>>> print(open('final.cif').read())   # mmCIF, C-alpha atoms
data_entry
#
loop_
_atom_site.label_atom_id
_atom_site.label_comp_id
_atom_site.auth_asym_id
_atom_site.auth_seq_id
_atom_site.Cartn_x
_atom_site.Cartn_y
_atom_site.Cartn_z
CA GLN A 1 63.07 6.43 -42.46
CA SER A 2 61.73 6.36 -38.93
CA GLU A 3 60.33 3.27 -37.28
CA ALA A 4 56.57 2.76 -37.34
CA LEU A 5 54.64 4.37 -34.51
CA ILE A 6 51.15 3.44 -33.36
CA CYS A 7 49.04 5.25 -30.76
CA LEU A 8 45.85 3.54 -29.61
CA GLU A 9 43.17 5.07 -27.43
CA GLY A 10 40.05 3.63 -25.88
CA ALA A 11 38.19 2.77 -22.70
CA GLU A 12 39.00 -0.97 -22.56
CA ARG A 13 42.61 -1.89 -21.84
CA GLU A 14 42.17 -5.50 -23.00
CA ASP A 15 40.63 -4.43 -26.33
CA LEU A 16 43.52 -2.07 -26.99
CA LEU A 17 46.04 -4.80 -26.28
CA ALA A 18 44.20 -7.20 -28.60
CA GLU A 19 44.39 -4.59 -31.36
CA LEU A 20 48.09 -4.07 -30.64
CA ALA A 21 48.68 -7.82 -30.99
CA ARG A 22 46.81 -7.83 -34.32
CA LEU A 23 48.94 -4.97 -35.63
CA ILE A 24 52.21 -6.54 -34.48
CA GLU A 25 51.29 -9.86 -36.10
CA ALA A 26 50.35 -8.10 -39.35
CA GLU A 27 53.64 -6.16 -39.39
CA HIS A 28 56.05 -8.86 -38.24
CA GLY A 29 54.26 -12.19 -38.71
CA SER A 30 53.97 -15.09 -36.29
CA LEU A 31 53.90 -18.89 -36.25
CA ILE A 32 50.75 -19.15 -34.13
CA GLY A 33 48.75 -20.32 -37.15
CA LYS A 34 50.90 -23.47 -37.19
CA VAL A 35 50.00 -24.36 -33.57
CA SER A 36 47.01 -26.70 -33.82
CA ASP A 37 46.88 -27.73 -30.15
CA ARG A 38 48.03 -25.92 -27.05
CA PRO A 39 50.93 -28.01 -25.66
CA SER A 40 50.72 -29.86 -22.38
CA GLY A 41 53.16 -32.27 -20.82
CA TRP A 42 55.69 -33.03 -18.12
CA CYS A 43 59.10 -31.38 -17.66
CA SER A 44 62.04 -32.94 -15.80
CA TRP A 45 63.76 -29.72 -14.70
CA TYR A 46 61.80 -28.57 -11.66
CA HIS A 47 62.21 -31.75 -9.64
CA TYR A 48 65.48 -33.26 -10.88
CA TYR A 49 67.24 -30.20 -12.27
CA ALA A 50 70.58 -31.13 -13.90
CA GLU A 51 70.75 -34.46 -12.02
CA VAL A 52 68.08 -36.06 -14.21
CA SER A 53 68.73 -39.57 -15.53
CA ALA A 54 67.14 -41.82 -18.12
CA ALA A 55 65.69 -43.87 -15.25
CA ASP A 56 63.92 -40.75 -13.93
CA ILE A 57 62.38 -40.12 -17.34
CA ARG A 58 61.19 -43.73 -17.58
CA GLU A 59 59.64 -43.63 -14.11
CA ASN A 60 57.59 -40.54 -14.90
CA LEU A 61 56.69 -41.93 -18.31
CA GLN A 62 55.15 -44.95 -16.60
CA VAL A 63 53.29 -42.88 -13.99
CA ARG A 64 52.03 -40.59 -16.74
CA ALA A 65 50.44 -43.58 -18.51
CA GLU A 66 48.78 -44.74 -15.30
CA ARG A 67 47.58 -41.42 -13.87
CA PHE A 68 47.91 -38.57 -16.38
CA PRO A 69 47.42 -39.81 -19.95
CA ALA A 70 46.40 -36.29 -21.03
CA LEU A 71 50.04 -35.15 -20.67
CA ARG A 72 51.12 -35.15 -24.30
CA TYR A 73 54.82 -34.26 -24.15
CA VAL A 74 57.59 -35.71 -21.99
CA GLN A 75 60.28 -33.04 -21.92
CA ILE A 76 63.86 -34.08 -21.21
CA ASP A 77 65.42 -30.95 -19.79
CA ASP A 78 68.98 -29.85 -19.05
CA GLY A 79 71.23 -32.67 -17.81
CA TYR A 80 70.99 -35.20 -20.65
CA GLN A 81 73.96 -33.77 -22.58
CA ALA A 82 77.64 -34.47 -21.93
CA LYS A 83 78.59 -30.78 -22.23
CA MET A 84 76.79 -27.51 -22.81
CA GLY A 85 77.01 -27.10 -26.57
CA ASP A 86 77.37 -30.80 -27.44
CA TRP A 87 73.67 -31.54 -27.76
CA LEU A 88 74.08 -34.77 -29.72
CA THR A 89 76.42 -36.35 -27.15
CA PRO A 90 74.60 -37.82 -24.12
CA SER A 91 75.87 -37.82 -20.55
CA ALA A 92 76.70 -41.01 -18.66
CA LYS A 93 73.22 -40.89 -17.04
CA PHE A 94 71.73 -41.50 -20.50
CA GLU A 95 73.95 -44.45 -21.32
CA GLN A 96 71.76 -45.76 -24.15
CA GLY A 97 71.43 -42.32 -25.69
CA VAL A 98 68.51 -39.96 -25.97
CA ALA A 99 67.31 -41.21 -29.35
CA SER A 100 66.35 -44.61 -27.93
CA LEU A 101 64.64 -42.95 -24.97
CA ALA A 102 62.71 -40.70 -27.35
CA ALA A 103 61.57 -43.85 -29.17
CA GLU A 104 60.34 -45.31 -25.85
CA ILE A 105 58.37 -42.13 -25.21
CA LYS A 106 56.71 -42.44 -28.60
CA GLN A 107 55.93 -46.13 -28.00
CA ALA A 108 54.22 -45.10 -24.76
CA GLY A 109 51.77 -42.97 -26.75
CA CYS A 110 53.16 -39.49 -26.19
CA GLU A 111 55.69 -37.16 -27.74
CA PRO A 112 59.33 -36.59 -26.75
CA ALA A 113 60.46 -33.01 -26.16
CA LEU A 114 63.98 -31.75 -25.63
CA TRP A 115 65.67 -28.82 -23.92
CA VAL A 116 68.45 -27.21 -25.96
CA ALA A 117 70.42 -24.00 -25.32
CA PRO A 118 71.48 -23.57 -28.95
CA PHE A 119 73.66 -20.46 -28.74
CA ILE A 120 75.93 -21.33 -25.81
CA ALA A 121 78.84 -23.68 -25.17
CA GLU A 122 81.07 -24.36 -22.19
CA PRO A 123 84.88 -24.28 -22.48
CA GLY A 124 85.32 -28.06 -22.41
CA SER A 125 82.75 -28.78 -25.08
CA GLN A 126 83.79 -30.37 -28.35
CA VAL A 127 82.16 -27.61 -30.39
CA PHE A 128 84.17 -24.93 -28.59
CA GLN A 129 87.43 -26.87 -28.67
CA GLU A 130 87.17 -27.66 -32.39
CA HIS A 131 85.63 -24.44 -33.68
CA PRO A 132 86.69 -21.42 -31.59
CA ASP A 133 86.29 -19.31 -34.74
CA TRP A 134 82.52 -19.91 -34.60
CA PHE A 135 82.08 -17.82 -31.46
CA VAL A 136 81.42 -14.13 -30.81
CA LYS A 137 84.76 -12.39 -30.21
CA GLY A 138 85.91 -9.86 -27.67
CA ASP A 139 88.06 -6.81 -28.39
CA ASP A 140 91.12 -9.05 -28.02
CA GLY A 141 89.98 -11.19 -30.96
CA LEU A 142 89.41 -14.23 -28.72
CA PRO A 143 86.05 -15.89 -27.99
CA LEU A 144 84.13 -13.63 -25.60
CA PRO A 145 83.17 -15.16 -22.22
CA SER A 146 79.64 -13.96 -21.57
CA GLU A 147 80.41 -13.01 -17.95
CA ARG A 148 82.61 -10.21 -19.26
CA VAL A 149 79.59 -8.27 -20.60
CA THR A 150 76.50 -9.80 -18.95
CA TYR A 151 75.26 -12.61 -16.69
CA GLY A 152 77.67 -15.48 -17.21
CA GLY A 153 75.11 -18.28 -16.98
CA TRP A 154 73.67 -20.55 -14.31
CA ARG A 155 76.04 -23.54 -14.59
CA CYS A 156 78.99 -24.90 -16.59
CA THR A 157 80.32 -21.37 -16.99
CA PRO A 158 81.86 -19.36 -18.53
CA TRP A 159 79.51 -19.54 -21.48
CA TYR A 160 80.71 -18.70 -24.96
CA VAL A 161 78.25 -17.66 -27.64
CA LEU A 162 77.88 -19.05 -31.14
CA ASP A 163 77.88 -16.28 -33.73
CA GLY A 164 74.61 -16.39 -35.66
CA THR A 165 76.08 -14.31 -38.48
CA HIS A 166 78.71 -16.97 -39.28
CA PRO A 167 77.62 -19.17 -42.23
CA GLU A 168 79.24 -22.24 -40.69
CA VAL A 169 77.37 -21.66 -37.41
CA GLN A 170 74.11 -21.42 -39.33
CA ALA A 171 74.88 -24.70 -41.07
CA HIS A 172 75.83 -26.28 -37.72
CA LEU A 173 72.60 -25.19 -36.01
CA GLU A 174 70.49 -26.36 -38.93
CA GLN A 175 72.23 -29.74 -38.96
CA VAL A 176 71.88 -30.26 -35.19
CA PHE A 177 68.14 -29.73 -35.29
CA ARG A 178 67.70 -31.73 -38.48
CA THR A 179 69.46 -34.63 -36.73
CA LEU A 180 67.23 -34.26 -33.67
CA ARG A 181 64.19 -34.32 -35.92
CA GLU A 182 65.10 -36.98 -38.45
CA GLN A 183 67.23 -39.37 -36.39
CA TRP A 184 65.95 -38.80 -32.84
CA GLY A 185 62.29 -38.25 -33.77
CA ILE A 186 61.90 -35.04 -31.75
CA HIS A 187 59.73 -32.16 -32.94
CA TYR A 188 59.26 -30.09 -29.76
CA PHE A 189 62.20 -28.04 -28.55
CA LYS A 190 62.49 -25.82 -25.49
CA LEU A 191 65.13 -23.33 -26.58
CA ASP A 192 66.75 -21.85 -23.50
CA ALA A 193 69.35 -19.11 -22.94
CA ASN A 194 68.28 -17.51 -26.21
CA PHE A 195 69.18 -14.08 -24.87
CA TRP A 196 72.85 -14.95 -25.26
CA GLY A 197 72.30 -15.33 -29.01
CA ALA A 198 71.73 -11.57 -29.03
CA ILE A 199 74.67 -10.82 -26.76
CA HIS A 200 76.00 -7.26 -26.65
CA GLY A 201 79.59 -6.09 -26.34
CA GLY A 202 81.11 -8.52 -28.82
CA ARG A 203 82.24 -8.65 -32.43
CA PHE A 204 80.40 -10.70 -35.04
CA HIS A 205 81.70 -12.46 -38.13
CA ASP A 206 79.55 -10.02 -40.10
CA PRO A 207 80.68 -6.66 -38.73
CA ALA A 208 77.66 -4.90 -40.26
CA ALA A 209 75.14 -7.06 -38.38
CA THR A 210 73.33 -5.95 -35.25
CA ARG A 211 72.98 -8.32 -32.33
CA VAL A 212 69.29 -8.75 -33.18
CA GLU A 213 70.23 -9.72 -36.73
CA ALA A 214 72.78 -12.20 -35.36
CA TYR A 215 70.11 -13.78 -33.18
CA ARG A 216 67.51 -13.93 -35.93
CA ARG A 217 69.88 -15.51 -38.44
CA GLY A 218 70.76 -18.21 -35.94
CA MET A 219 67.10 -18.79 -35.09
CA ALA A 220 66.15 -18.99 -38.76
CA ALA A 221 68.71 -21.78 -39.17
CA ILE A 222 67.24 -23.64 -36.18
CA LEU A 223 63.75 -23.28 -37.62
CA ARG A 224 64.90 -24.70 -40.96
CA GLY A 225 66.49 -27.67 -39.24
CA ALA A 226 63.52 -28.34 -36.95
CA GLY A 227 61.32 -28.51 -40.04
CA GLU A 228 57.62 -28.28 -40.78
CA GLY A 229 55.45 -29.37 -37.87
CA ALA A 230 58.00 -28.48 -35.20
CA PHE A 231 57.19 -26.55 -32.04
CA LEU A 232 59.87 -24.14 -30.85
CA LEU A 233 59.49 -22.63 -27.38
CA GLY A 234 61.52 -19.50 -26.67
CA CYS A 235 62.83 -19.40 -23.11
CA ASN A 236 65.03 -16.70 -21.61
CA ALA A 237 64.58 -15.24 -25.06
CA PRO A 238 64.58 -11.63 -26.29
CA ILE A 239 60.85 -11.29 -26.84
CA TRP A 240 60.44 -8.93 -29.80
CA PRO A 241 63.46 -10.24 -31.78
CA SER A 242 61.80 -13.69 -31.61
CA LEU A 243 58.68 -12.65 -33.54
CA GLY A 244 57.94 -15.10 -36.33
CA LEU A 245 60.66 -17.52 -35.17
CA VAL A 246 59.06 -19.38 -32.24
CA HIS A 247 55.69 -21.03 -31.72
CA GLY A 248 55.57 -20.54 -27.94
CA MET A 249 57.15 -18.04 -25.56
CA ARG A 250 58.07 -18.24 -21.88
CA VAL A 251 56.97 -14.87 -20.56
CA SER A 252 58.17 -15.14 -16.97
CA ASP A 253 61.10 -16.02 -14.77
CA ASP A 254 61.62 -19.64 -13.67
CA VAL A 255 59.08 -20.97 -11.21
CA GLU A 256 60.16 -21.69 -7.64
CA ARG A 257 58.07 -23.05 -4.83
CA ASN A 258 57.71 -19.92 -2.72
CA GLY A 259 55.13 -17.17 -2.50
CA HIS A 260 57.37 -14.34 -3.67
CA ARG A 261 58.30 -16.13 -6.91
CA TYR A 262 54.72 -17.30 -7.54
CA ARG A 263 53.53 -13.70 -7.33
CA GLN A 264 56.42 -12.41 -9.46
CA ILE A 265 55.86 -14.80 -12.36
CA ALA A 266 52.08 -14.32 -12.16
CA ARG A 267 52.44 -10.57 -12.65
CA GLU A 268 54.86 -11.13 -15.54
CA ALA A 269 52.43 -13.56 -17.19
CA PHE A 270 49.40 -11.30 -16.66
CA CYS A 271 51.20 -8.29 -18.15
CA ARG A 272 51.99 -10.33 -21.29
CA ALA A 273 48.85 -12.47 -21.53
CA TRP A 274 47.53 -10.30 -24.40
CA GLN A 275 50.13 -12.02 -26.61
CA ASN A 276 48.60 -15.47 -25.97
CA ASP A 277 47.31 -17.24 -29.10
CA LYS A 278 47.94 -14.06 -31.11
CA LEU A 279 51.74 -13.88 -31.34
CA TRP A 280 52.56 -17.29 -29.84
CA ALA A 281 51.34 -19.81 -27.30
CA LEU A 282 52.03 -18.32 -23.88
CA ASP A 283 54.10 -20.37 -21.43
CA PRO A 284 53.65 -19.30 -17.78
CA ASP A 285 56.17 -21.99 -16.74
CA CYS A 286 55.53 -25.26 -14.99
CA ILE A 287 52.89 -26.43 -12.53
CA CYS A 288 54.78 -27.09 -9.27
CA LEU A 289 52.60 -28.22 -6.36
CA ARG A 290 54.97 -30.06 -4.02
CA ASP A 291 57.72 -28.85 -1.71
CA LEU A 292 61.36 -29.75 -2.26
CA PRO A 293 64.01 -29.76 0.49
CA SER A 294 65.28 -26.42 -0.83
CA GLN A 295 61.88 -24.95 -1.77
CA GLN A 296 58.83 -24.68 0.47
CA ALA A 297 55.54 -22.88 -0.05
CA SER A 298 52.41 -22.48 2.07
CA LYS A 299 48.93 -23.71 1.21
CA ALA A 300 47.99 -20.11 0.34
CA ASP A 301 51.03 -19.83 -1.95
CA TYR A 302 50.05 -22.96 -3.87
CA SER A 303 46.46 -21.72 -4.21
CA PHE A 304 47.80 -18.47 -5.70
CA HIS A 305 49.98 -20.44 -8.14
CA LEU A 306 47.03 -22.57 -9.27
CA ALA A 307 44.77 -19.55 -9.77
CA ALA A 308 47.53 -17.76 -11.70
CA LEU A 309 47.90 -20.73 -14.06
CA VAL A 310 44.16 -20.66 -14.73
CA ALA A 311 44.25 -16.91 -15.39
CA SER A 312 47.33 -17.15 -17.64
CA GLY A 313 45.50 -19.36 -20.09
CA GLY A 314 48.59 -20.83 -21.70
CA MET A 315 50.54 -24.05 -22.00
CA MET A 316 50.44 -26.51 -19.10
CA LEU A 317 53.51 -28.56 -18.17
CA ALA A 318 53.76 -30.43 -14.88
CA GLY A 319 57.01 -29.89 -13.00
CA ASP A 320 56.74 -32.27 -10.04
CA ARG A 321 57.76 -35.91 -9.85
CA LEU A 322 54.43 -37.38 -10.95
CA GLN A 323 54.59 -40.25 -8.46
CA ASP A 324 54.68 -37.75 -5.57
CA LEU A 325 51.40 -35.98 -6.38
CA ASP A 326 48.63 -36.82 -3.92
CA GLU A 327 45.04 -37.23 -5.07
CA GLU A 328 44.09 -33.60 -4.48
CA GLN A 329 47.11 -32.35 -6.41
CA ALA A 330 46.48 -34.90 -9.17
CA ALA A 331 42.89 -33.68 -9.50
CA GLN A 332 44.10 -30.08 -9.72
CA LEU A 333 46.58 -31.00 -12.46
CA ARG A 334 43.85 -32.78 -14.43
CA LYS A 335 41.59 -29.73 -14.25
CA LEU A 336 44.41 -27.53 -15.57
CA LEU A 337 44.98 -29.99 -18.41
CA GLU A 338 41.28 -29.84 -19.30
CA LEU A 339 41.50 -26.05 -19.54
CA CYS A 340 44.57 -26.40 -21.74
CA ALA A 341 42.87 -28.90 -24.06
CA SER A 342 39.86 -26.61 -24.46
CA ARG A 343 42.18 -23.65 -25.22
CA ALA A 344 40.59 -21.57 -22.50
CA PRO A 345 41.67 -17.94 -23.00
CA SER A 346 43.66 -15.78 -20.63
CA ALA A 347 41.72 -13.86 -18.01
CA ARG A 348 40.52 -10.33 -18.68
CA PHE A 349 41.46 -7.99 -15.84
CA GLU A 350 39.73 -4.64 -15.31
CA SER A 351 42.93 -3.03 -14.07
CA MET A 352 46.60 -3.74 -13.58
CA ASP A 353 46.19 -4.41 -9.89
CA PHE A 354 45.31 -7.93 -11.16
CA ALA A 355 43.01 -8.63 -8.21
CA CYS A 356 40.08 -10.06 -10.18
CA GLY A 357 40.10 -11.55 -13.67
CA GLU A 358 37.45 -13.34 -15.75
CA VAL A 359 38.02 -16.34 -18.00
CA ASN A 360 35.21 -16.93 -20.50
CA LEU A 361 35.21 -20.69 -21.09
CA PRO A 362 34.84 -21.94 -24.69
CA GLU A 363 32.11 -24.40 -23.61
CA GLY A 364 30.22 -21.68 -21.75
CA GLY A 365 30.43 -20.33 -18.25
CA THR A 366 32.96 -18.11 -16.52
CA LEU A 367 35.84 -18.56 -14.12
CA LEU A 368 36.46 -15.70 -11.69
CA CYS A 369 40.13 -15.65 -10.65
CA LEU A 370 40.79 -13.80 -7.38
CA PHE A 371 44.19 -12.78 -6.03
CA ASN A 372 45.27 -11.24 -2.75
CA TRP A 373 48.70 -9.74 -3.41
CA GLU A 374 48.98 -8.31 0.10
CA GLY A 375 50.03 -9.81 3.41
CA GLN A 376 46.71 -9.11 5.17
CA PRO A 377 43.33 -10.85 4.62
CA GLN A 378 41.12 -9.26 2.00
CA GLU A 379 37.37 -9.63 1.39
CA PHE A 380 35.91 -9.99 -2.11
CA LEU A 381 32.26 -9.45 -3.08
CA LEU A 382 30.92 -12.07 -5.52
CA PRO A 383 27.85 -12.65 -7.66
CA GLU A 384 25.47 -15.36 -6.50
CA GLY A 385 25.64 -18.93 -7.76
CA GLY A 386 29.38 -19.57 -7.72
CA THR A 387 31.15 -22.82 -6.92
CA ASP A 388 34.78 -23.45 -6.05
CA PHE A 389 36.54 -24.53 -9.25
CA TRP A 390 38.69 -27.16 -7.56
CA GLN A 391 36.30 -28.60 -4.96
CA GLY A 392 32.90 -27.96 -6.54
CA GLN A 393 31.45 -26.57 -3.30
CA ALA A 394 29.00 -23.66 -3.32
CA VAL A 395 30.47 -20.25 -2.54
CA GLY A 396 28.56 -17.36 -0.99
CA THR A 397 28.49 -13.73 -2.05
CA THR A 398 31.60 -12.88 -0.04
CA VAL A 399 34.91 -14.67 0.36
CA THR A 400 37.94 -13.73 2.42
CA LEU A 401 41.34 -14.48 0.98
CA GLN A 402 44.28 -14.77 3.32
CA GLY A 403 47.50 -12.94 2.52
CA GLY A 404 49.03 -14.31 -0.68
CA GLU A 405 46.05 -16.55 -1.43
CA GLY A 406 44.27 -17.14 -4.75
CA ARG A 407 40.83 -18.59 -5.56
CA VAL A 408 38.99 -19.65 -8.68
CA ILE A 409 35.19 -19.48 -8.65
CA ARG A 410 33.09 -21.03 -11.41
CA TYR A 411 29.80 -19.64 -12.76
CA THR A 412 27.62 -21.46 -15.27
#
>>> encode(input="final.cif", output="structure tokens")
Amino acid sequence: QSEALICLEGAEREDLLAELARLIEAEHGSLIGKVSDRPSGWCSWYHYYAEVSAADIRENLQVRAERFPALRYVQIDDGYQAKMGDWLTPSAKFEQGVASLAAEIKQAGCEPALWVAPFIAEPGSQVFQEHPDWFVKGDDGLPLPSERVTYGGWRCTPWYVLDGTHPEVQAHLEQVFRTLREQWGIHYFKLDANFWGAIHGGRFHDPAATRVEAYRRGMAAILRGAGEGAFLLGCNAPIWPSLGLVHGMRVSDDVERNGHRYRQIAREAFCRAWQNDKLWALDPDCICLRDLPSQQASKADYSFHLAALVASGGMMLAGDRLQDLDEEQAAQLRKLLELCASRAPSARFESMDFACGEVNLPEGGTLLCLFNWEGQPQEFLLPEGGTDFWQGQAVGTTVTLQGGEGRVIRYT
């Protein structure tokens, strides 16, 4: 029997995509009905990366209470674990453990969130040393290093891949996430490196299983362990094989503070925005508004990033050290959080040049999101009565955007 085929025709691209989302959800299911609020929060990765410590988390937790109480989740990202694969064993920088830190986060009035890369393990990890039979095998019958068939991973390589078709792996994944839920009090999980769970070029415990089936069996075990009320975010995940198994989906590459990456991830998010609130909550990646020593962006680049986040209409997680945000940046973050809380939809674009998109606000009014993707200045014609979304100043009927700049204009 052939796979289902659907051909849609019409004059409005956005309407066709909305119908496609409805048909996909009807055929494959989704967890979007279990997402009551669009997540917002703070993520440790994009300032501290793998060097994060418990002290860093506590500092941002305190600043959050003082300046950004609307940030609901505090996400402890990669760096808390002793080894890739040993998610229940903390590193020396989390000397009191993650469970006690999660309890502090709850006591502060927000929710703990945790980064986990459930399908991978590094060679020195306890799980790999004790259970080599749990991993996808190469033609030689030994655990397959991922670099032999695909990208090897971004640190602590080579990565080896847990075999989702193995019953003991399924039990292991379910138990890890049940422990994180019941003993650590965590219900939000950023699941990263999910692609490796569907790795090609290896041999599975179940020789009849496809790599998509291997991934889905592993994810089903994670979902069982995470329990009712959990929020699973797919990141670096195979998009269609994740249908019905995650509540949110990262739809772009990782954010970096430079104009090229801001434009890249904006285009990726805009092309997939039709999935937002229909198949899952869309994650356009974090809000990053301050330079780092290794990452610098221009004022125009940051304006493009801000406008792209408005147009994406998805989750909002801050990625800077909160203490470093100046008052203008803090005000911009608060406005993005207000949009998130109101569940403002993604922008509707007339064409895939993505130069001008409209966001129809739930409380009434419209946001016009403008983007100059080119290197040269570009003039835009506007309706009368607009004000700058960030500053509140009146805007005329023409604006000129510099190369790589973005603007958001509000109309009531």
>>> closest_atom_pairs(input="final.cif", of="range 281-378 of chain A", to="range 407-410 of chain A", cutoff="9 Å", atoms="all atoms listed in the file", output="tab-separated table")
residue	atom	partner	partner_atom	distance
A:Ser303	CA	A:Arg407	CA	6.6
A:Phe304	CA	A:Arg407	CA	7.0
A:Leu306	CA	A:Arg407	CA	8.2
A:Ala307	CA	A:Arg407	CA	5.8
A:Val310	CA	A:Val408	CA	8.0
A:Ala311	CA	A:Val408	CA	9.0
A:Gly365	CA	A:Arg410	CA	7.4
A:Thr366	CA	A:Arg410	CA	5.9
A:Leu367	CA	A:Arg410	CA	4.6
A:Leu368	CA	A:Ile409	CA	5.0
A:Cys369	CA	A:Val408	CA	4.6
A:Leu370	CA	A:Arg407	CA	5.1
A:Phe371	CA	A:Arg407	CA	6.7
>>> atom_distance(input="final.cif", atom1="CA of Ala341 in chain A", atom2="CA of Asn276 in chain A")
14.7 Å
>>> residues_around(input="final.cif", residues="Glu27 in chain A", least_positions_apart="2", cutoff="12 Å", atoms="only C-alpha atoms", output="list in words")
Glu3, Ala4, Leu5, Ile6, Leu20, Ala21, Arg22, Leu23, Ile24, Glu25, Gly29, Ser30, Leu243, Gly244 and Leu279 of chain A
>>> resolve_selection(input="final.cif", expression="the PyMOL selection byres ((chain A and resi 135-152) around 7)", output="ChimeraX atom specification")
/A:132-134,153,157-163,201-204
>>> axis_aligned_box(input="final.cif", around="range 115-122 of chain A", padding_each_side="8 Å", output="AutoDock Vina command-line options")
--center_x 73.4 --center_y -24.6 --center_z -25.6 --size_x 31.4 --size_y 24.4 --size_z 22.8
>>> resolve_selection(input="final.cif", expression="the PyMOL selection byres ((chain A and resi 83-87) around 8)", output="VMD selection string")
chain A and resid 81 to 82 88 to 91 116 to 122 124 to 128 156 176
>>> closest_residue(input="final.cif", among="A:Glu66, A:Asp253, A:Asp192, A:Asp326", to="Ala237 in chain A", atoms="only C-alpha atoms")
A:Asp192
>>> residues_around(input="final.cif", residues="range 69-75 of chain A", least_positions_apart="3", cutoff="7 Å", atoms="all atoms listed in the file", output="number ranges by chain")
A: 40-44, 64-66, 110-114, 337
>>> write_last_selection(input="final.cif", atoms="C-alpha atoms", output="PDB file, in the coordinates of the input")
ATOM      1  CA  SER A  40      50.720 -29.860 -22.380  1.00  0.00           C
ATOM      2  CA  GLY A  41      53.160 -32.270 -20.820  1.00  0.00           C
ATOM      3  CA  TRP A  42      55.690 -33.030 -18.120  1.00  0.00           C
ATOM      4  CA  CYS A  43      59.100 -31.380 -17.660  1.00  0.00           C
ATOM      5  CA  SER A  44      62.040 -32.940 -15.800  1.00  0.00           C
ATOM      6  CA  ARG A  64      52.030 -40.590 -16.740  1.00  0.00           C
ATOM      7  CA  ALA A  65      50.440 -43.580 -18.510  1.00  0.00           C
ATOM      8  CA  GLU A  66      48.780 -44.740 -15.300  1.00  0.00           C
ATOM      9  CA  CYS A 110      53.160 -39.490 -26.190  1.00  0.00           C
ATOM     10  CA  GLU A 111      55.690 -37.160 -27.740  1.00  0.00           C
ATOM     11  CA  PRO A 112      59.330 -36.590 -26.750  1.00  0.00           C
ATOM     12  CA  ALA A 113      60.460 -33.010 -26.160  1.00  0.00           C
ATOM     13  CA  LEU A 114      63.980 -31.750 -25.630  1.00  0.00           C
ATOM     14  CA  LEU A 337      44.980 -29.990 -18.410  1.00  0.00           C
TER      15      LEU A 337
END
>>> closest_residue(input="final.cif", among="A:Cys7, A:Leu232, A:Leu401, A:Ala50", to="Trp154 in chain A", atoms="all atoms listed in the file")
A:Ala50
>>> residues_near_point(input="final.cif", point="(63.9, -22.9, -12.6)", cutoff="12 Å", atoms="all atoms listed in the file", output="ChimeraX atom specification")
/A:43-50,77-78,154,192,235-236,250,252-257,261-262,265,285-288,295,319
>>> closest_residue(input="final.cif", among="A:Gly109, A:Val35, A:Gly313, A:Arg343", to="Val246 in chain A", atoms="all atoms listed in the file")
A:Val35
>>> atom_distance(input="final.cif", atom1="CA of Glu268 in chain A", atom2="CA of Leu245 in chain A")
21.4 Å
>>> resolve_selection(input="final.cif", expression="the PyMOL selection byres ((chain A and resi 215) around 10)", output="list in words")
Phe119, Leu162, Asp163, Gly164, Thr165, Asn194, Phe195, Trp196, Gly197, Ala198, Ile199, Ala209, Thr210, Arg211, Val212, Glu213, Ala214, Arg216, Arg217, Gly218, Met219, Ala220, Ala237, Pro238, Pro241 and Ser242 of chain A
>>> atom_distance(input="final.cif", atom1="CA of Ala347 in chain A", atom2="CA of Val359 in chain A")
4.5 Å
>>> closest_residue(input="final.cif", among="A:Ala355, A:Ile186, A:Ala266, A:Leu61", to="Phe231 in chain A", atoms="only C-alpha atoms")
A:Ile186
>>> residues_around(input="final.cif", residues="range 390-393 of chain A", least_positions_apart="2", cutoff="9 Å", atoms="all atoms listed in the file", output="count of residues only")
11
>>> residues_around(input="final.cif", residues="Gly385 in chain A", least_positions_apart="2", cutoff="9 Å", atoms="all atoms listed in the file", output="ChimeraX atom specification")
/A:382-383,387,394-397,410-412
